[in-house]
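Read the structure below first, then the notes.
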Amino acid sequence: MIMQTFQEIFPEQQNTAAALGFFDGLHRGHRRVLSLAVKQEQCGLIPLCLTFTESPKAVTSGKSFSYLMTVEDKLRALEELGIRHTVTADFRSLMYLSAEQFFFDILLARLRVRELFCGFNYRFGRNAEGDIVLLQRLCDQNGVGITVVPPETLRGEMISSTVIKRLIVEGDIKTANEMLGERFGVSAEIVHGKQLGRKMGAPTLNQRMNPQLVTPRFGVYASLVTLANGERYCGVTNIGVKPTVGGDKPLWETWMPDYCGGDLYGQQADVRLLLFIRPEIKFKSIDDLRDEILRNEKQAREAYEILVVRQS
């Protein structure tokens with residue numbers, strides 16, 4: 001069933017099971033909340049996700065904010081998880097409602113929520129005045145079921161979007177992916193580059209850095225590339241400015257050793273990072289760079305075999 005997406009909070013025609021949260025990255029903790037809402041479809045409730053186009057923290061702080069995924073990627077993932085209705089509301093339109101107004105006017109009156117699911121640290125209402133204690137009381141008084149999901153942990157560390165972003169910035173993409181439960185990456189258009197890779201015998205696909213997403217540590221990664229036609233390839237992805245050849249703007253530049261097709265300019269490619277191989281380095285010559293890329297290919301193939309092929 002295709003998920004329906006709404007940018008405004010229209011009155012629901014049926015009772016719903018709602019998952020509440022911003023859900024940046026849809027990490028393992030988020031997926032637990034959402035999966036519980038999805039299970040309520042067996043009880044005749046519509047699994048619904050109420051989220052926002054922008055992070056409430058970004059709106060209230062006025063500071064720049066980096067995300068783990070685009071809105072488009074989030075919507076695709078929510079649909080895959082089994083959510084039937086997603087409301088991507090403008091936080092500014094709700095931020096001045098009191099906690100009680102949000103509960104009665106939005107959750108009960110418009111969204112017809114009968115079962116509620118959220119994380120342990122969920123806040124709601126003007127100035128985040130509503131907490132889990134208040135939400136539990138309001139639900140109990142109005143016949144709404146509520147499940148508060150405790151934090152997920154990985155090797156003793158609590159999983160959160162903030163921790164995952166720190167790991168990506170540090171280059172620990174393997175641990176970040178474990179916390180996400182998926183692979184971090186981008187889906188973006190393939191653009192023209194300087195074609196230096198082609199001259200070195202390693203033609204690459206270039207993708208512009210998305211300024212809204214967290215920037216991974218500059219360097220070379222093993223990656224999984226999925227082209228628009230669904231074909232998947234092992235990739236060697238360099239993220240950075242390519243100091244050896246005098247790059248200026250940061251790019252995602254990926255070589256697919258096994259790809260033998262034609263030009264892909266203008267098409268979309270999905271590139272998911274698997275393992276950090278080395279930091280970005282300025283080599284003395286193009287020959288040194290080419291030799292290092294060939295060494296990186298071997299490391300990338302090993303990572304691809306372990307983290308993709310064997311897990312398929």
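Within each chain, counting starts at residue 1; across the structure tokens, chains are named A, B, ... in the order shown, with ligands numbered 1 upward in that order.
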Which of range 116-288 of chain A fall in alpha helix (DSSP H), as a PyMOL selection string: chain A and resi 132-141+161-170+173-180+196-199+286-288
Identify, on the basis of only C-alpha atoms, every residue whose closest approach to range 120-137 of chain A does not exceed 8 Å; exclude the query and any residue fewer than 6 positions from it along the same chain; express the result as a PyMOL selection string. chain A and resi 20-21+94-102+146+148-151
Output the selection as a PDB file, in the first residue's frame - C-alpha atoms for each residue.
```
ATOM      1  CA  LEU A  20       5.485  11.138  17.414  1.00  0.00           C
ATOM      2  CA  GLY A  21       8.949  12.579  16.842  1.00  0.00           C
ATOM      3  CA  LEU A  94       2.344  24.457  16.076  1.00  0.00           C
ATOM      4  CA  MET A  95       5.106  25.810  18.300  1.00  0.00           C
ATOM      5  CA  TYR A  96       2.890  28.279  20.165  1.00  0.00           C
ATOM      6  CA  LEU A  97       0.193  25.772  21.104  1.00  0.00           C
ATOM      7  CA  SER A  98       0.120  24.813  24.768  1.00  0.00           C
ATOM      8  CA  ALA A  99       0.761  21.177  25.602  1.00  0.00           C
ATOM      9  CA  GLU A 100      -2.959  20.671  26.279  1.00  0.00           C
ATOM     10  CA  GLN A 101      -3.972  22.375  23.030  1.00  0.00           C
ATOM     11  CA  PHE A 102      -1.597  20.158  21.081  1.00  0.00           C
ATOM     12  CA  ILE A 146       0.373   5.178  25.207  1.00  0.00           C
ATOM     13  CA  VAL A 148       6.863   5.180  25.858  1.00  0.00           C
ATOM     14  CA  VAL A 149       9.864   3.462  24.282  1.00  0.00           C
ATOM     15  CA  PRO A 150      13.082   3.383  26.339  1.00  0.00           C
ATOM     16  CA  PRO A 151      16.419   4.273  24.708  1.00  0.00           C
TER      17      PRO A 151
END
```
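CA of Pro47 in chain A lies 27.4 Å from CA of Leu154 in chain A.
Closest to Gly219 in chain A among A:Gly156, A:Gly181, A:Gly266, A:Pro279 is A:Pro279, based on only C-alpha atoms.
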Nearest-residue call for Arg31 in chain A, choices A:Thr5, A:Ser160, A:Ser61, A:Thr53, using only C-alpha atoms: A:Ser160
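With distances restricted to only C-alpha atoms, A:Thr215 is the closest residue to Leu167 in chain A from A:Thr147, A:Asn15, A:Gln267, A:Thr215.
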Please identify all polymer residues within 10 Å of Val144 in chain A, counting only C-alpha atoms, omitting same-chain residues fewer than 2 positions from it, and present them as a tab-separated table (two decimals) with C-alpha atoms, in the first residue's frame.
```tsv
chain	number	residue	atom	x	y	z
A	17	ALA	CA	-1.97	4.82	15.94
A	108	LEU	CA	-7.46	13.89	19.51
A	112	ARG	CA	-8.12	10.78	15.99
A	113	VAL	CA	-5.28	9.12	17.87
A	114	ARG	CA	-6.25	6.04	19.88
A	115	GLU	CA	-2.77	4.62	20.46
A	116	LEU	CA	0.30	6.81	20.94
A	136	GLN	CA	0.81	9.84	30.14
A	137	ARG	CA	-1.74	11.60	32.35
A	138	LEU	CA	-3.61	13.14	29.42
A	139	CYS	CA	-3.76	9.78	27.66
A	140	ASP	CA	-5.00	7.97	30.76
A	141	GLN	CA	-7.71	10.58	31.35
A	142	ASN	CA	-8.95	10.41	27.74
A	146	ILE	CA	0.37	5.18	25.21
```
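You will find CA of Glu189 in chain A at 12.8 Å from CA of Val225 in chain A.
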With a distance cut-off of 10 Å and only C-alpha atoms, select the neighbouring residues of Leu50 in chain A, excluding the residue or stretch itself and same-chain residues fewer than 3 positions from it, and output the selection as an mmCIF file with N, CA and C atoms, in the first residue's frame.
```cif
data_model
loop_
_atom_site.group_PDB
_atom_site.id
_atom_site.type_symbol
_atom_site.label_atom_id
_atom_site.label_comp_id
_atom_site.auth_asym_id
_atom_site.auth_seq_id
_atom_site.Cartn_x
_atom_site.Cartn_y
_atom_site.Cartn_z
ATOM 1 N N PHE A 6 1.020 14.189 3.959
ATOM 2 C CA PHE A 6 0.285 15.444 4.092
ATOM 3 C C PHE A 6 1.201 16.508 4.696
ATOM 4 N N ILE A 9 -2.190 19.355 8.722
ATOM 5 C CA ILE A 9 -2.861 18.398 9.599
ATOM 6 C C ILE A 9 -4.357 18.419 9.309
ATOM 7 N N ALA A 18 -0.463 6.670 16.354
ATOM 8 C CA ALA A 18 0.476 7.716 15.946
ATOM 9 C C ALA A 18 1.844 7.550 16.599
ATOM 10 N N ALA A 19 2.883 7.655 15.770
ATOM 11 C CA ALA A 19 4.263 7.732 16.238
ATOM 12 C C ALA A 19 4.676 9.203 16.188
ATOM 13 N N LEU A 20 5.153 9.722 17.305
ATOM 14 C CA LEU A 20 5.485 11.138 17.414
ATOM 15 C C LEU A 20 6.987 11.329 17.517
ATOM 16 N N GLY A 21 7.524 12.288 16.753
ATOM 17 C CA GLY A 21 8.949 12.579 16.842
ATOM 18 C C GLY A 21 9.476 13.177 15.558
ATOM 19 N N PHE A 22 10.672 13.748 15.622
ATOM 20 C CA PHE A 22 11.274 14.277 14.404
ATOM 21 C C PHE A 22 11.930 13.165 13.589
ATOM 22 N N PHE A 23 12.488 12.182 14.275
ATOM 23 C CA PHE A 23 13.002 10.968 13.629
ATOM 24 C C PHE A 23 14.125 11.249 12.627
ATOM 25 N N HIS A 85 0.095 6.862 6.833
ATOM 26 C CA HIS A 85 -0.085 8.309 6.705
ATOM 27 C C HIS A 85 1.069 9.015 7.401
ATOM 28 N N THR A 86 1.702 9.946 6.715
ATOM 29 C CA THR A 86 2.742 10.763 7.334
ATOM 30 C C THR A 86 2.375 12.227 7.187
ATOM 31 N N VAL A 87 2.402 12.931 8.312
ATOM 32 C CA VAL A 87 2.159 14.370 8.322
ATOM 33 C C VAL A 87 3.496 15.062 8.569
ATOM 34 N N THR A 88 3.975 15.787 7.559
ATOM 35 C CA THR A 88 5.218 16.550 7.703
ATOM 36 C C THR A 88 4.841 18.004 7.943
ATOM 37 N N ALA A 89 4.495 18.306 9.174
ATOM 38 C CA ALA A 89 3.974 19.627 9.512
ATOM 39 C C ALA A 89 5.081 20.673 9.602
ATOM 40 N N LEU A 107 -3.901 15.994 18.370
ATOM 41 C CA LEU A 107 -3.870 14.537 18.477
ATOM 42 C C LEU A 107 -5.266 13.923 18.545
ATOM 43 N N LEU A 111 -6.333 14.227 14.442
ATOM 44 C CA LEU A 111 -5.676 12.984 14.035
ATOM 45 C C LEU A 111 -6.364 11.732 14.576
#
```
What residues in range 21-268 of chain A get the DSSP label strand (DSSP E)? Please answer as a ChimeraX atom specification. /A:46-52,85-89,113-119,145-149,153-154,157-158,185-189,204-208,219-227,232-240,251-255,268
Point-to-point distance from CA of Tyr259 in chain A to CA of Cys234 in chain A, Å rounded to tenths: 9.0 Å
Taking only C-alpha atoms into account, which of A:Thr162, A:Ser66, A:Asn296, A:Gln207 comes nearest Val236 in chain A? A:Asn296
Near-Ile173 in chain A list (7 Å; only C-alpha atoms; drop same-chain fewer than 5 positions) as an MDAnalysis selection string: chainID A and resid 167:168 273:276
For Asn206 in chain A, work out the shell of residues within 7 Å, counting only C-alpha atoms and skipping chain neighbours fewer than 2 positions away, then give it as a PDB file with N, CA and C atoms, in the first residue's frame.
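Printed below is around_20.pdb as written:
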```
ATOM      1  N   ILE A 190      24.101  12.805 -10.534  1.00  0.00           N
ATOM      2  CA  ILE A 190      25.490  12.683 -10.983  1.00  0.00           C
ATOM      3  C   ILE A 190      25.815  13.880 -11.876  1.00  0.00           C
ATOM      4  N   VAL A 191      26.857  14.609 -11.509  1.00  0.00           N
ATOM      5  CA  VAL A 191      27.212  15.835 -12.221  1.00  0.00           C
ATOM      6  C   VAL A 191      28.578  15.679 -12.892  1.00  0.00           C
ATOM      7  N   HIS A 192      28.878  16.598 -13.801  1.00  0.00           N
ATOM      8  CA  HIS A 192      30.156  16.575 -14.499  1.00  0.00           C
ATOM      9  C   HIS A 192      31.285  16.996 -13.569  1.00  0.00           C
ATOM     10  N   GLY A 193      32.419  16.316 -13.700  1.00  0.00           N
ATOM     11  CA  GLY A 193      33.623  16.690 -12.972  1.00  0.00           C
ATOM     12  C   GLY A 193      34.721  17.056 -13.948  1.00  0.00           C
ATOM     13  N   THR A 204      34.978   8.232 -12.440  1.00  0.00           N
ATOM     14  CA  THR A 204      34.160   8.371 -11.229  1.00  0.00           C
ATOM     15  C   THR A 204      32.844   9.073 -11.530  1.00  0.00           C
ATOM     16  N   ARG A 208      27.335  16.478  -5.824  1.00  0.00           N
ATOM     17  CA  ARG A 208      27.573  17.664  -4.997  1.00  0.00           C
ATOM     18  C   ARG A 208      27.225  17.387  -3.539  1.00  0.00           C
ATOM     19  N   LEU A 251      33.086  17.404  -2.795  1.00  0.00           N
ATOM     20  CA  LEU A 251      32.246  16.509  -3.595  1.00  0.00           C
ATOM     21  C   LEU A 251      32.259  15.114  -2.998  1.00  0.00           C
ATOM     22  N   TRP A 252      31.244  14.341  -3.355  1.00  0.00           N
ATOM     23  CA  TRP A 252      31.294  12.893  -3.218  1.00  0.00           C
ATOM     24  C   TRP A 252      31.717  12.368  -4.589  1.00  0.00           C
ATOM     25  N   GLU A 253      32.862  11.716  -4.657  1.00  0.00           N
ATOM     26  CA  GLU A 253      33.385  11.203  -5.922  1.00  0.00           C
ATOM     27  C   GLU A 253      33.599   9.696  -5.781  1.00  0.00           C
ATOM     28  N   THR A 254      32.902   8.909  -6.608  1.00  0.00           N
ATOM     29  CA  THR A 254      32.892   7.459  -6.431  1.00  0.00           C
ATOM     30  C   THR A 254      33.342   6.733  -7.686  1.00  0.00           C
TER      31      THR A 254
END
```
Do a neighbour search on Glu231 in chain A at 12 Å with only C-alpha atoms, toss out local chain neighbours closer than 6 positions, and write the hits as a ChimeraX atom specification. /A:224-225,256,258-261,269-271
